[in-house]
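File shown: work22.txt. Contents: compact mmCIF, C-alpha atoms.
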# COMPACT_ATOMS: atom_id res chain seq x y z
CA MET A 1 15.54 16.52 26.83
CA GLN A 2 14.95 12.78 27.30
CA VAL A 3 13.13 10.65 24.73
CA TYR A 4 11.89 7.18 25.63
CA PHE A 5 11.18 4.58 22.96
CA GLN A 6 8.47 1.96 22.68
CA GLY A 7 9.18 -0.55 19.90
CA PHE A 8 6.70 -2.57 17.90
CA GLY A 9 7.41 -5.56 15.64
CA SER A 10 11.01 -5.71 14.50
CA THR A 11 11.91 -2.68 16.67
CA ARG A 12 10.63 -4.32 19.87
CA ALA A 13 14.21 -4.70 21.17
CA LEU A 14 14.28 -0.91 21.59
CA SER A 15 11.36 -0.82 24.04
CA GLY A 16 12.58 0.94 27.17
CA TYR A 17 15.59 2.48 25.41
CA SER A 18 16.03 6.19 26.06
CA LEU A 19 18.13 8.92 24.55
CA GLN A 20 19.21 12.44 25.49
CA VAL A 21 18.57 14.81 22.58
CA ALA A 22 18.81 18.58 22.13
CA GLU A 23 15.81 20.76 23.04
CA LYS A 24 13.39 21.27 20.14
CA SER A 25 14.84 18.47 18.01
CA SER A 26 12.88 17.48 14.95
CA VAL A 27 11.63 13.92 14.60
CA ALA A 28 14.14 13.45 11.76
CA GLN A 29 16.95 14.53 14.11
CA VAL A 30 15.74 12.14 16.81
CA LYS A 31 15.66 9.33 14.25
CA THR A 32 19.22 10.07 13.16
CA ALA A 33 20.38 10.24 16.79
CA LEU A 34 18.72 6.90 17.58
CA ILE A 35 20.33 5.21 14.58
CA LYS A 36 23.76 6.60 15.53
CA ALA A 37 23.39 5.59 19.15
CA THR A 38 22.36 2.01 18.43
CA GLN A 39 24.14 0.99 15.23
CA ASP A 40 27.37 -0.11 16.91
CA GLN A 41 25.68 -2.08 19.68
CA GLU A 42 25.65 -5.80 18.98
CA LYS A 43 22.18 -6.38 20.43
CA TYR A 44 20.71 -3.93 17.91
CA THR A 45 22.50 -5.31 14.84
CA GLY A 46 20.51 -4.72 11.66
CA LEU A 47 18.07 -2.32 13.32
CA ASP A 48 19.59 0.76 11.68
CA GLU A 49 18.27 -0.31 8.30
CA ILE A 50 14.80 -0.90 9.73
CA LEU A 51 14.80 2.38 11.66
CA VAL A 52 15.38 4.35 8.48
CA ALA A 53 12.03 3.06 7.22
CA THR A 54 10.23 3.21 10.58
CA ALA A 55 7.41 5.66 11.31
CA PHE A 56 7.75 7.53 14.61
CA ALA A 57 4.58 8.21 16.59
CA SER A 58 3.49 9.96 19.77
CA GLU A 59 0.97 8.23 22.01
CA THR A 60 -1.81 9.44 19.71
CA HIS A 61 -0.54 10.18 16.21
CA VAL A 62 2.11 9.37 13.64
CA PHE A 63 4.67 12.18 13.43
CA ASP A 64 5.79 14.03 10.33
CA GLU A 65 9.60 14.04 10.26
CA ASN A 66 9.53 17.85 10.46
CA ASP A 67 7.55 17.81 13.74
CA ILE A 68 9.43 19.24 16.71
CA ILE A 69 9.78 17.40 20.00
CA SER A 70 9.76 20.05 22.70
CA GLU A 71 9.64 18.08 25.94
CA ASP A 72 10.46 14.68 27.47
CA THR A 73 8.28 12.22 25.66
CA ILE A 74 7.59 8.64 24.62
CA ILE A 75 8.07 7.84 20.94
CA ASN A 76 6.47 4.74 19.45
CA LEU A 77 8.45 3.02 16.70
CA LEU A 78 6.23 1.59 13.94
CA PRO A 79 8.32 -0.41 11.46
CA PRO A 80 6.98 -1.55 8.10
CA VAL A 81 5.07 -4.82 8.20
CA CYS A 82 4.82 -6.39 4.76
CA GLY A 83 3.13 -9.76 4.69
CA GLY A 84 -0.21 -11.42 4.42
CA MET B 1 -38.80 -8.41 10.89
CA VAL B 2 -39.10 -11.48 8.67
CA ALA B 3 -35.95 -13.56 8.95
CA ASN B 4 -33.78 -13.55 5.86
CA ARG B 5 -30.18 -14.28 5.06
CA TYR B 6 -29.06 -10.90 6.40
CA SER B 7 -31.57 -10.29 9.18
CA ALA B 8 -29.03 -10.82 11.98
CA GLN B 9 -26.86 -7.95 10.73
CA GLN B 10 -29.83 -5.82 9.65
CA THR B 11 -30.93 -5.86 13.28
CA LEU B 12 -27.91 -3.72 14.12
CA PRO B 13 -29.11 -0.09 14.23
CA GLU B 14 -26.02 0.99 12.26
CA ILE B 15 -27.10 -1.25 9.36
CA GLY B 16 -30.87 -1.78 9.08
CA VAL B 17 -32.65 -2.28 5.76
CA ALA B 18 -31.13 0.85 4.20
CA GLY B 19 -27.60 -0.17 5.21
CA GLN B 20 -28.10 -3.64 3.79
CA ALA B 21 -29.16 -2.07 0.49
CA ARG B 22 -25.95 0.00 0.48
CA ILE B 23 -23.86 -3.13 1.07
CA ALA B 24 -25.70 -4.94 -1.73
CA SER B 25 -25.08 -2.14 -4.22
CA SER B 26 -21.34 -1.87 -3.42
CA LYS B 27 -18.50 -2.85 -5.71
CA ILE B 28 -15.19 -3.71 -4.10
CA LEU B 29 -11.82 -4.75 -5.50
CA VAL B 30 -9.60 -7.18 -3.58
CA VAL B 31 -5.95 -7.07 -4.66
CA GLY B 32 -4.06 -10.23 -3.73
CA CYS B 33 -5.76 -13.55 -2.99
CA GLY B 34 -3.56 -14.99 -0.24
CA GLY B 35 -3.99 -15.22 3.52
CA LEU B 36 -5.61 -11.85 4.15
CA ALA B 37 -8.06 -12.33 1.29
CA ALA B 38 -8.99 -15.78 2.59
CA SER B 39 -9.92 -14.10 5.89
CA VAL B 40 -11.64 -10.99 4.52
CA LEU B 41 -13.65 -12.46 1.68
CA PRO B 42 -15.93 -14.97 3.43
CA TYR B 43 -17.19 -12.16 5.70
CA LEU B 44 -17.80 -9.78 2.80
CA ALA B 45 -19.57 -12.45 0.75
CA ALA B 46 -21.62 -13.48 3.80
CA ALA B 47 -22.54 -9.83 4.44
CA GLY B 48 -23.90 -9.56 0.89
CA VAL B 49 -21.43 -7.15 -0.76
CA GLY B 50 -22.96 -6.95 -4.26
CA THR B 51 -19.90 -7.16 -6.49
CA ILE B 52 -16.48 -8.43 -5.47
CA THR B 53 -13.61 -8.39 -7.96
CA LEU B 54 -10.56 -10.52 -7.14
CA ILE B 55 -7.19 -10.08 -8.81
CA ASP B 56 -4.09 -12.25 -8.45
CA ASN B 57 -1.83 -14.01 -10.95
CA ASP B 58 -0.31 -16.30 -8.32
CA VAL B 59 -0.93 -20.03 -7.99
CA ILE B 60 -1.51 -22.05 -4.82
CA SER B 61 1.52 -23.75 -3.29
CA ILE B 62 1.80 -26.16 -0.38
CA SER B 63 3.39 -23.53 1.90
CA ASN B 64 0.29 -21.30 1.52
CA LEU B 65 -2.08 -23.78 3.15
CA ASN B 66 -1.32 -22.90 6.80
CA ARG B 67 -3.01 -19.52 6.42
CA GLN B 68 -4.87 -19.45 3.09
CA VAL B 69 -7.60 -21.58 4.56
CA LEU B 70 -10.07 -21.57 1.68
CA PHE B 71 -7.65 -23.63 -0.42
CA THR B 72 -7.30 -27.41 -0.28
CA GLU B 73 -4.59 -29.87 -1.30
CA SER B 74 -6.43 -30.54 -4.57
CA ASP B 75 -6.09 -26.84 -5.49
CA LEU B 76 -2.27 -26.88 -5.61
CA GLY B 77 -0.94 -25.25 -8.78
CA LEU B 78 -4.26 -23.54 -9.59
CA ASN B 79 -4.83 -19.79 -9.76
CA LYS B 80 -5.78 -18.27 -6.40
CA ALA B 81 -8.38 -15.81 -7.72
CA LEU B 82 -10.25 -18.53 -9.64
CA ILE B 83 -10.40 -20.90 -6.67
CA LEU B 84 -11.60 -18.13 -4.33
CA GLN B 85 -14.26 -17.20 -6.87
CA GLN B 86 -15.53 -20.81 -6.87
CA GLN B 87 -15.58 -20.95 -3.06
CA LEU B 88 -17.39 -17.64 -2.65
CA GLU B 89 -19.98 -18.48 -5.30
CA LYS B 90 -20.82 -21.59 -3.29
CA GLN B 91 -21.09 -19.44 -0.17
CA ASN B 92 -23.41 -16.78 -1.62
CA SER B 93 -24.93 -17.25 -5.08
CA ALA B 94 -26.82 -13.96 -4.88
CA ILE B 95 -23.71 -11.79 -5.30
CA SER B 96 -21.39 -11.30 -8.24
CA ILE B 97 -17.77 -12.53 -7.96
CA ILE B 98 -15.34 -11.61 -10.74
CA ALA B 99 -11.91 -13.25 -10.89
CA LEU B 100 -8.98 -11.69 -12.77
CA THR B 101 -5.92 -13.92 -13.18
CA GLU B 102 -3.51 -11.14 -14.08
CA LYS B 103 -1.08 -9.18 -11.92
CA PHE B 104 -2.38 -5.89 -10.53
CA ASP B 105 -0.03 -3.22 -11.85
CA LEU B 106 0.10 0.38 -12.95
CA LEU B 107 -1.25 -0.49 -16.38
CA ASN B 108 -4.52 -2.04 -15.19
CA GLY B 109 -4.67 -0.65 -11.66
CA ILE B 110 -5.97 2.85 -12.37
CA GLU B 111 -8.96 1.62 -14.37
CA LEU B 112 -9.71 -1.15 -11.89
CA ALA B 113 -9.60 1.19 -8.88
CA LYS B 114 -11.77 3.72 -10.69
CA ALA B 115 -14.42 1.06 -11.40
CA HIS B 116 -14.90 0.16 -7.72
CA ASP B 117 -16.20 1.88 -4.57
CA LEU B 118 -13.31 0.68 -2.44
CA VAL B 119 -10.06 -1.28 -2.76
CA ILE B 120 -8.88 -3.84 -0.22
CA ASP B 121 -5.14 -4.36 -0.15
CA CYS B 122 -4.41 -8.01 0.63
CA THR B 123 -0.97 -8.03 -0.99
CA ASP B 124 2.14 -9.19 0.81
CA SER B 125 4.96 -6.98 -0.43
CA TYR B 126 5.95 -3.34 -0.05
CA SER B 127 6.13 -2.73 -3.79
CA SER B 128 2.62 -4.13 -4.35
CA LYS B 129 1.25 -2.00 -1.53
CA VAL B 130 2.83 1.11 -3.03
CA THR B 131 1.28 0.30 -6.42
CA VAL B 132 -2.20 -0.23 -4.93
CA ASN B 133 -1.84 2.99 -2.91
CA TYR B 134 -0.82 4.97 -5.99
CA CYS B 135 -3.81 3.76 -8.02
CA CYS B 136 -6.18 4.64 -5.16
CA ILE B 137 -4.73 8.15 -4.80
CA GLN B 138 -4.95 8.84 -8.50
CA THR B 139 -8.59 7.74 -8.62
CA LYS B 140 -9.61 8.94 -5.12
CA THR B 141 -10.75 5.43 -4.30
CA PRO B 142 -10.77 4.57 -0.58
CA LEU B 143 -8.28 1.91 0.46
CA VAL B 144 -8.41 -0.60 3.29
CA PHE B 145 -4.78 -1.53 3.85
CA ALA B 146 -3.60 -4.44 6.00
CA SER B 147 -0.36 -6.26 6.59
CA VAL B 148 0.67 -9.04 8.92
CA LEU B 149 4.00 -10.71 9.55
CA GLY B 150 5.32 -12.70 12.47
CA TRP B 151 3.26 -11.55 15.44
CA ASP B 152 2.66 -8.06 14.10
CA GLY B 153 -0.23 -6.63 12.17
CA GLN B 154 -1.27 -3.24 10.81
CA ILE B 155 -4.58 -2.02 9.37
CA ALA B 156 -5.82 1.34 8.10
CA LEU B 157 -8.83 2.67 6.25
CA LEU B 158 -7.50 5.49 4.07
CA THR B 159 -10.29 7.62 2.64
CA MET B 160 -8.22 9.29 -0.13
CA GLN B 161 -10.97 11.84 -0.86
CA GLU B 162 -9.11 15.10 -0.13
CA THR B 163 -5.56 16.10 -0.99
CA ALA B 164 -4.92 16.45 2.74
CA ASP B 165 -5.93 12.84 3.44
CA PRO B 166 -3.00 10.54 4.30
CA CYS B 167 -1.90 7.69 2.08
CA TYR B 168 0.14 4.53 2.74
CA LYS B 169 3.34 6.30 1.68
CA CYS B 170 2.70 9.02 4.26
CA PHE B 171 3.51 6.59 7.07
CA GLN B 172 5.61 3.99 5.22
CA LYS B 173 7.86 6.34 3.30
CA GLN B 174 10.28 3.62 2.28
CA ALA B 175 11.02 -0.07 2.79
CA PRO B 176 14.20 -1.31 4.43
CA GLN B 177 16.74 -2.49 1.86
CA SER B 178 16.08 -6.08 2.89
CA ILE B 179 12.60 -6.63 4.19
CA ASN B 180 11.46 -10.04 5.37
CA ASN B 181 8.42 -11.85 4.03
CA CYS B 182 6.16 -14.58 5.40
CA SER B 183 8.54 -17.44 4.61
CA MET B 184 11.46 -15.62 6.29
CA SER B 185 9.74 -14.22 9.39
CA GLY B 186 7.06 -16.87 9.80
CA ILE B 187 3.33 -16.39 10.15
CA LEU B 188 0.45 -18.12 11.89
CA GLY B 189 -2.83 -18.59 10.05
CA ALA B 190 -4.92 -17.52 13.02
CA SER B 191 -3.00 -14.23 13.23
CA VAL B 192 -3.74 -13.45 9.60
CA ASN B 193 -7.39 -14.25 10.23
CA LEU B 194 -7.61 -11.78 13.10
CA ILE B 195 -6.21 -8.95 10.97
CA GLY B 196 -8.34 -9.97 7.99
CA SER B 197 -11.57 -9.96 9.97
CA HIS B 198 -10.81 -6.43 11.23
CA GLN B 199 -10.15 -5.46 7.61
CA ALA B 200 -13.60 -6.80 6.69
CA THR B 201 -15.20 -4.82 9.54
CA LEU B 202 -13.55 -1.57 8.39
CA THR B 203 -14.71 -2.27 4.84
CA ILE B 204 -18.34 -2.80 5.83
CA GLN B 205 -18.27 0.27 8.10
CA TYR B 206 -17.04 2.37 5.17
CA LEU B 207 -19.67 0.97 2.80
CA LEU B 208 -22.30 1.95 5.37
CA GLY B 209 -20.92 5.50 5.53
CA HIS B 210 -19.38 5.16 9.01
CA ILE B 211 -15.85 6.56 8.83
CA HIS B 212 -15.08 7.15 12.51
CA ASN B 213 -12.19 4.66 12.20
CA ALA B 214 -10.81 6.22 9.02
CA ASN B 215 -7.25 7.54 8.70
CA PHE B 216 -5.93 5.83 11.82
CA LEU B 217 -3.17 3.22 11.80
CA TYR B 218 -4.17 0.26 13.97
CA VAL B 219 -1.11 -1.63 15.21
CA PHE B 220 -1.50 -5.15 16.62
CA ASP B 221 0.90 -7.10 18.83
CA LEU B 222 -0.55 -10.55 18.22
CA TRP B 223 1.74 -12.25 20.72
CA ASN B 224 0.45 -10.22 23.64
CA LEU B 225 -2.99 -9.58 22.07
CA GLU B 226 -2.55 -5.83 22.36
CA GLN B 227 -3.78 -3.12 20.01
CA ARG B 228 -2.88 0.56 19.62
CA LYS B 229 -4.17 3.21 17.27
CA PHE B 230 -2.40 6.28 15.89
CA LYS B 231 -3.94 9.16 13.93
CA LEU B 232 -2.47 9.52 10.46
CA SER B 233 -1.79 12.79 8.66
CA LYS B 234 -0.49 13.62 5.23
CA ARG B 235 3.33 13.71 5.25
CA HIS B 236 4.52 17.19 4.21
CA ASP B 237 6.76 15.87 1.44
CA CYS B 238 4.72 12.91 0.23
CA ARG B 239 5.18 13.01 -3.53
CA PHE B 240 2.16 10.82 -4.10
CA HIS B 241 -0.08 13.81 -3.39
CA GLU B 242 -0.94 16.08 -6.26
CA HIS B 243 0.36 19.34 -4.87
CA ASN B 244 3.77 17.87 -4.09
CA GLN B 245 4.32 16.53 -7.56
CA ASN B 246 6.20 19.66 -8.57
CA GLU B 247 9.14 18.17 -6.64
CA LEU B 248 9.55 15.74 -9.51
CA ASN B 249 11.56 16.81 -12.54
CA TYR B 250 9.30 17.74 -15.45
CA ILE B 251 10.27 18.68 -18.98
CA ASN B 252 8.32 19.74 -22.10
CA TYR B 253 8.99 18.08 -25.44
CA SER B 254 10.14 21.41 -26.85
CA GLU B 255 12.71 21.75 -24.04
CA LEU B 256 14.46 18.44 -24.78
CA PRO B 257 17.14 20.00 -27.03
CA LYS B 258 18.27 22.03 -24.00
CA LEU B 259 19.54 18.80 -22.42
CA GLU B 260 23.06 17.96 -23.52
CA SER B 261 21.95 14.38 -24.14
CA TYR B 262 18.98 12.29 -23.04
CA ILE B 263 17.41 8.86 -23.31
CA LEU B 264 13.71 8.97 -24.17
CA ILE B 265 11.80 6.00 -22.76
CA ASP B 266 8.19 5.02 -23.60
CA ILE B 267 6.51 3.03 -20.82
CA ARG B 268 3.12 2.52 -22.48
CA THR B 269 1.89 -0.93 -23.54
CA VAL B 270 3.55 -2.71 -26.46
CA ALA B 271 0.32 -2.32 -28.49
CA GLU B 272 0.32 1.46 -27.92
CA TRP B 273 4.02 1.66 -28.76
CA GLU B 274 3.48 -0.24 -32.01
CA LYS B 275 0.71 2.16 -33.05
CA GLY B 276 3.09 5.10 -32.75
CA HIS B 277 5.77 6.59 -30.52
CA LEU B 278 8.07 9.59 -30.19
CA PRO B 279 11.07 9.76 -32.53
CA GLY B 280 14.19 8.27 -30.97
CA ALA B 281 12.34 6.65 -28.06
CA LYS B 282 13.07 3.21 -26.58
CA HIS B 283 10.31 1.04 -25.16
CA SER B 284 10.28 -0.47 -21.67
CA SER B 285 7.64 -1.69 -19.22
CA PRO B 286 7.56 0.38 -15.99
CA GLY B 287 8.63 -2.58 -13.83
CA LYS B 288 11.44 -3.58 -16.20
CA LEU B 289 12.69 -0.02 -16.27
CA ILE B 290 12.94 0.21 -12.50
CA LEU B 291 14.40 -3.29 -12.10
CA ALA B 292 16.83 -3.00 -15.02
CA LYS B 293 18.07 0.41 -13.97
CA GLN B 294 21.66 -0.79 -14.16
CA ASP B 295 21.34 -0.38 -17.94
CA TYR B 296 21.67 3.35 -17.34
CA ALA B 297 24.23 5.54 -15.61
CA THR B 298 23.08 7.85 -12.82
CA THR B 299 24.38 10.74 -14.91
CA ASP B 300 22.14 9.91 -17.91
CA ASN B 301 19.12 12.15 -18.44
CA LEU B 302 16.23 9.66 -18.53
CA VAL B 303 13.07 11.22 -19.98
CA ILE B 304 10.06 9.00 -19.30
CA TYR B 305 6.68 9.25 -20.94
CA CYS B 306 3.38 7.39 -20.83
CA ASN B 307 0.00 8.34 -22.30
CA GLN B 308 -0.33 11.39 -20.08
CA ASP B 309 1.63 11.78 -16.83
CA MET B 310 0.35 9.25 -14.32
CA LEU B 311 2.60 6.24 -14.85
CA SER B 312 5.63 8.30 -15.69
CA GLN B 313 5.34 10.27 -12.42
CA LEU B 314 5.50 7.07 -10.40
CA VAL B 315 8.41 5.66 -12.37
CA VAL B 316 10.33 8.94 -12.20
CA GLU B 317 9.78 9.15 -8.46
CA ASN B 318 11.22 5.66 -8.05
CA LEU B 319 14.18 6.44 -10.28
CA GLN B 320 14.85 9.74 -8.50
CA ASN B 321 14.76 7.94 -5.15
CA LEU B 322 17.34 5.51 -6.55
CA GLY B 323 19.63 8.40 -7.48
CA TYR B 324 18.88 8.65 -11.21
CA LYS B 325 18.37 11.85 -13.20
CA ALA B 326 14.87 11.17 -14.45
CA PHE B 327 12.29 13.52 -15.96
CA VAL B 328 8.55 13.26 -16.60
CA LEU B 329 7.74 14.31 -20.17
CA LYS B 330 4.86 16.75 -19.57
CA GLY B 331 1.62 15.69 -21.23
CA GLY B 332 3.08 12.34 -22.33
CA TYR B 333 2.38 10.88 -25.75
CA ALA B 334 -1.08 12.48 -25.84
CA GLY B 335 0.45 15.94 -25.42
CA TYR B 336 3.04 15.27 -28.14
CA SER B 337 0.43 13.93 -30.64
CA LYS B 338 -1.77 16.98 -30.07
CA ASN B 339 1.04 19.37 -30.97
CA VAL B 340 2.52 17.52 -33.96
Once more with this new file: its structure as C-alpha cells, please.
Amino acid sequence: MQVYFQGFGSTRALSGYSLQVAEKSSVAQVKTALIKATQDQEKYTGLDEILVATAFASETHVFDENDIISEDTIINLLPPVCGG
Amino acid sequence: MVANRYSAQQTLPEIGVAGQARIASSKILVVGCGGLAASVLPYLAAAGVGTITLIDNDVISISNLNRQVLFTESDLGLNKALILQQQLEKQNSAISIIALTEKFDLLNGIELAKAHDLVIDCTDSYSSKVTVNYCCIQTKTPLVFASVLGWDGQIALLTMQETADPCYKCFQKQAPQSINNCSMSGILGASVNLIGSHQATLTIQYLLGHIHNANFLYVFDLWNLEQRKFKLSKRHDCRFHEHNQNELNYINYSELPKLESYILIDIRTVAEWEKGHLPGAKHSSPGKLILAKQDYATTDNLVIYCNQDMLSQLVVENLQNLGYKAFVLKGGYAGYSKNV
C-alpha cells in the first residue's frame, strides 16, 4: 500500500514524499515508518522530532493514531504552530 | 433602519437587532495580549462585544512592534493588557474592558474561564495553549484557538460542551522537544493580522449561535495564500477528557501507607498552605514542580494534591509524561479535611 505525504509548515519538505507500508497499517505505524525512513536523510534533518508531535490528517479530517489506513492515500502532515 | 454605530453589521441577516443584542451581552476572555490580540481585539470592540477581559503579565518590547500594531514606541516597558485596555476604551466607550496584569495559569484560569462565555487563546507558546485548553475543558467554556509562526497559521473554534468534543490536545498531543518561537522562526505582522481577523470572525459567529465552523482545524499557508480545513475529533486517549482520567494514577489518603515510601506535595497557593496542610507534605507551585522535576528521582512516588483534583490531575499528567511515578491524591485537601 502506498502513502503519499503533503507537508504543511515545518514539514513542507516532505510534500510529495511517498512510502510503501503494510496493508491495514495504523496511523501510528505509518508515523513510525515515516520517521524511520527519513531520519537518516540529510535533507530531512531535525524533522523526526517534529514528526513525533505532528498530527496526521486525511483530505477531510484529522486522524486518531489508532485509525487504520486501508488503501493508497494522501496523508496531510500538520505540525504544531506555536506563535502569535 | 436608523443608522447607528452597528447598523452596517446589523444589516446582515445572520446578525440583525437580536444578534447585536447577543453580542452586546457577551463576556469574553482574551488570554495573551501580543500580536494575535492586537488583531482580534479592535474587531471585537468595534462589533460591540459587551465585556472583554484581557490578561497578560508581559511588557512591551521593541521587537514586538512589527506585529503588535496597537502599541507605540512610547509604550515600551509598559504592561500589554493595560495599554490595550486604554486603546480599546478610546475605540468604543460603550463597552467594558477589564485588564488583568497577572499571568494566566492554573490557579486563576479555571475561575476566569468559568466567568466568561468564551475564551480566545492569543498566547504564543505550547505550554500556555495547553493551560488555556485545560481550563476551558474543565469549565466547558468554548475556546477560539489560533497560532501563527513563519508563514503558517492555524485556527479552531472548539466548543468543549460535550465529552466527545475535541480539545487542543486532541490534535496537538505533544510539542517537539525544541519548538521555535516568533524570534527564531520569524513572523510578519500582516500574517498575524490575517489569522487574528479570522479568529475574530469565528468568535462573533459563536456569540451569535452559528457553529457551522466549530471543531474544524483551519490551516493556512500564508506564503501561497492557501487554506485547508480538517474535521477534528476527540483523540481516543486524550487524558484531558473526563472519562479518560482513570488512566492517571490515583490514590486515597488511607492507601498511602501501602506505598513503600512517598513524597507528598501540596500545590495549592501559599495562603492556603499556611492555613493548613497534610502532615508531612512539602509545598510547591505547579509550574515550579514541573520545571524543578530534577529534584526528584523517577523512582520516587510523588503524591500530588490540590484543593480537590483539578490542578493535581494536570500536574500528574505532565509528570507521568516525563517518566515520573506521580499520583493524584483523590479528593485533595478538601477530601482529607472532611475525613479528619
What are the nearest atom pairs, with distances in Å to one decimal, for all residues of chain B that come at most 8 Å from chain A, using all atoms listed in the file, set out by chain and rising residue number as JSON lines?
{"residue": "B:Gly34", "atom": "CA", "partner": "A:Gly84", "partner_atom": "CA", "distance": 6.8}
{"residue": "B:Gly35", "atom": "CA", "partner": "A:Gly84", "partner_atom": "CA", "distance": 5.4}
{"residue": "B:Leu36", "atom": "CA", "partner": "A:Gly84", "partner_atom": "CA", "distance": 5.4}
{"residue": "B:Cys122", "atom": "CA", "partner": "A:Gly84", "partner_atom": "CA", "distance": 6.6}
{"residue": "B:Thr123", "atom": "CA", "partner": "A:Gly84", "partner_atom": "CA", "distance": 6.4}
{"residue": "B:Asp124", "atom": "CA", "partner": "A:Gly83", "partner_atom": "CA", "distance": 4.0}
{"residue": "B:Ser125", "atom": "CA", "partner": "A:Cys82", "partner_atom": "CA", "distance": 5.2}
{"residue": "B:Tyr126", "atom": "CA", "partner": "A:Cys82", "partner_atom": "CA", "distance": 5.8}
{"residue": "B:Ala146", "atom": "CA", "partner": "A:Gly84", "partner_atom": "CA", "distance": 7.9}
{"residue": "B:Ser147", "atom": "CA", "partner": "A:Gly83", "partner_atom": "CA", "distance": 5.3}
{"residue": "B:Val148", "atom": "CA", "partner": "A:Gly83", "partner_atom": "CA", "distance": 4.9}
{"residue": "B:Leu149", "atom": "CA", "partner": "A:Gly83", "partner_atom": "CA", "distance": 5.0}
{"residue": "B:Trp151", "atom": "CA", "partner": "A:Gly9", "partner_atom": "CA", "distance": 7.3}
{"residue": "B:Asp152", "atom": "CA", "partner": "A:Gly9", "partner_atom": "CA", "distance": 5.6}
{"residue": "B:Gly153", "atom": "CA", "partner": "A:Val81", "partner_atom": "CA", "distance": 6.9}
{"residue": "B:Gln154", "atom": "CA", "partner": "A:Val81", "partner_atom": "CA", "distance": 7.0}
{"residue": "B:Phe171", "atom": "CA", "partner": "A:Ala55", "partner_atom": "CA", "distance": 5.8}
{"residue": "B:Gln172", "atom": "CA", "partner": "A:Pro80", "partner_atom": "CA", "distance": 6.4}
{"residue": "B:Lys173", "atom": "CA", "partner": "A:Ala53", "partner_atom": "CA", "distance": 6.6}
{"residue": "B:Gln174", "atom": "CA", "partner": "A:Ala53", "partner_atom": "CA", "distance": 5.3}
{"residue": "B:Ala175", "atom": "CA", "partner": "A:Ala53", "partner_atom": "CA", "distance": 5.5}
{"residue": "B:Pro176", "atom": "CA", "partner": "A:Ile50", "partner_atom": "CA", "distance": 5.3}
{"residue": "B:Gln177", "atom": "CA", "partner": "A:Glu49", "partner_atom": "CA", "distance": 7.0}
{"residue": "B:Ile179", "atom": "CA", "partner": "A:Cys82", "partner_atom": "CA", "distance": 7.8}
{"residue": "B:Asn180", "atom": "CA", "partner": "A:Cys82", "partner_atom": "CA", "distance": 7.6}
{"residue": "B:Asn181", "atom": "CA", "partner": "A:Gly83", "partner_atom": "CA", "distance": 5.7}
{"residue": "B:Cys182", "atom": "CA", "partner": "A:Gly83", "partner_atom": "CA", "distance": 5.7}
{"residue": "B:Val192", "atom": "CA", "partner": "A:Gly84", "partner_atom": "CA", "distance": 6.6}
{"residue": "B:Asp221", "atom": "CA", "partner": "A:Gly9", "partner_atom": "CA", "distance": 7.4}
{"residue": "B:Lys229", "atom": "CA", "partner": "A:Thr60", "partner_atom": "CA", "distance": 7.1}
{"residue": "B:Phe230", "atom": "CA", "partner": "A:His61", "partner_atom": "CA", "distance": 4.3}
{"residue": "B:Lys231", "atom": "CA", "partner": "A:His61", "partner_atom": "CA", "distance": 4.2}
{"residue": "B:Leu232", "atom": "CA", "partner": "A:Val62", "partner_atom": "CA", "distance": 5.6}
{"residue": "B:Ser233", "atom": "CA", "partner": "A:Val62", "partner_atom": "CA", "distance": 7.2}
{"residue": "B:Arg235", "atom": "CA", "partner": "A:Asp64", "partner_atom": "CA", "distance": 5.7}
{"residue": "B:His236", "atom": "CA", "partner": "A:Asp64", "partner_atom": "CA", "distance": 7.0}
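Across the model, the gap from CA of Asn64 (chain B) to CA of Val30 (chain B) is 18.0 Å.
Here CA of Pro286 (chain B) stands at a distance of 23.4 Å from CA of Glu255 (chain B).
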Legend entry - Length of the CA of Leu202 (chain B) to CA of Leu158 (chain B) vector [Å]: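 Value for the CA of Leu202 (chain B)-CA of Leu158 (chain B) distance: 10.3 Å.
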List the spatial neighbours of Ser312 (chain B) as a compact mmCIF listing (two decimals) with C-alpha atoms, in the frame of the given file - criterion: any atom at most 8 Å away, all atoms listed in the file, same-chain residues fewer than 3 positions off excluded.
# COMPACT_ATOMS: atom_id res chain seq x y z
CA ILE B 267 6.51 3.03 -20.82
CA ILE B 304 10.06 9.00 -19.30
CA TYR B 305 6.68 9.25 -20.94
CA CYS B 306 3.38 7.39 -20.83
CA ASP B 309 1.63 11.78 -16.83
CA VAL B 315 8.41 5.66 -12.37
CA VAL B 316 10.33 8.94 -12.20
CA VAL B 328 8.55 13.26 -16.60
CA LEU B 329 7.74 14.31 -20.17
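Nearest residue to Thr32 (chain A) among A:Met1, A:Ala13, A:Leu19, A:Ile74 is A:Leu19, counting all atoms listed in the file.
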Enclosing box along x, y and z for every listed atom of region 145-155 of chain B, padded 5 Å each side, centre and size in Å, one decimal, as AutoDock Vina command-line options:
--center_x 0.3 --center_y -7.1 --center_z 9.6 --size_x 20.1 --size_y 21.2 --size_z 21.6
Spatial neighbours of region 13-26 of chain B, 12 Å, all atoms listed in the file, chain gap at least 3 places, as a short mmCIF file (atom, residue, chain, number, x, y, z; two decimals) with C-alpha atoms, in the frame of the given file:
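Generated file (result.cif):
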data_model
loop_
_atom_site.label_atom_id
_atom_site.label_comp_id
_atom_site.auth_asym_id
_atom_site.auth_seq_id
_atom_site.Cartn_x
_atom_site.Cartn_y
_atom_site.Cartn_z
CA MET B 1 -38.80 -8.41 10.89
CA VAL B 2 -39.10 -11.48 8.67
CA ASN B 4 -33.78 -13.55 5.86
CA ARG B 5 -30.18 -14.28 5.06
CA TYR B 6 -29.06 -10.90 6.40
CA SER B 7 -31.57 -10.29 9.18
CA ALA B 8 -29.03 -10.82 11.98
CA GLN B 9 -26.86 -7.95 10.73
CA GLN B 10 -29.83 -5.82 9.65
CA LEU B 29 -11.82 -4.75 -5.50
CA LEU B 44 -17.80 -9.78 2.80
CA ALA B 45 -19.57 -12.45 0.75
CA ALA B 46 -21.62 -13.48 3.80
CA ALA B 47 -22.54 -9.83 4.44
CA GLY B 48 -23.90 -9.56 0.89
CA VAL B 49 -21.43 -7.15 -0.76
CA GLY B 50 -22.96 -6.95 -4.26
CA THR B 51 -19.90 -7.16 -6.49
CA ILE B 52 -16.48 -8.43 -5.47
CA THR B 53 -13.61 -8.39 -7.96
CA ALA B 94 -26.82 -13.96 -4.88
CA ILE B 95 -23.71 -11.79 -5.30
CA SER B 96 -21.39 -11.30 -8.24
CA ALA B 115 -14.42 1.06 -11.40
CA HIS B 116 -14.90 0.16 -7.72
CA ASP B 117 -16.20 1.88 -4.57
CA LEU B 118 -13.31 0.68 -2.44
CA VAL B 119 -10.06 -1.28 -2.76
CA THR B 203 -14.71 -2.27 4.84
CA ILE B 204 -18.34 -2.80 5.83
CA GLN B 205 -18.27 0.27 8.10
CA TYR B 206 -17.04 2.37 5.17
CA LEU B 207 -19.67 0.97 2.80
CA LEU B 208 -22.30 1.95 5.37
CA GLY B 209 -20.92 5.50 5.53
CA HIS B 210 -19.38 5.16 9.01
#
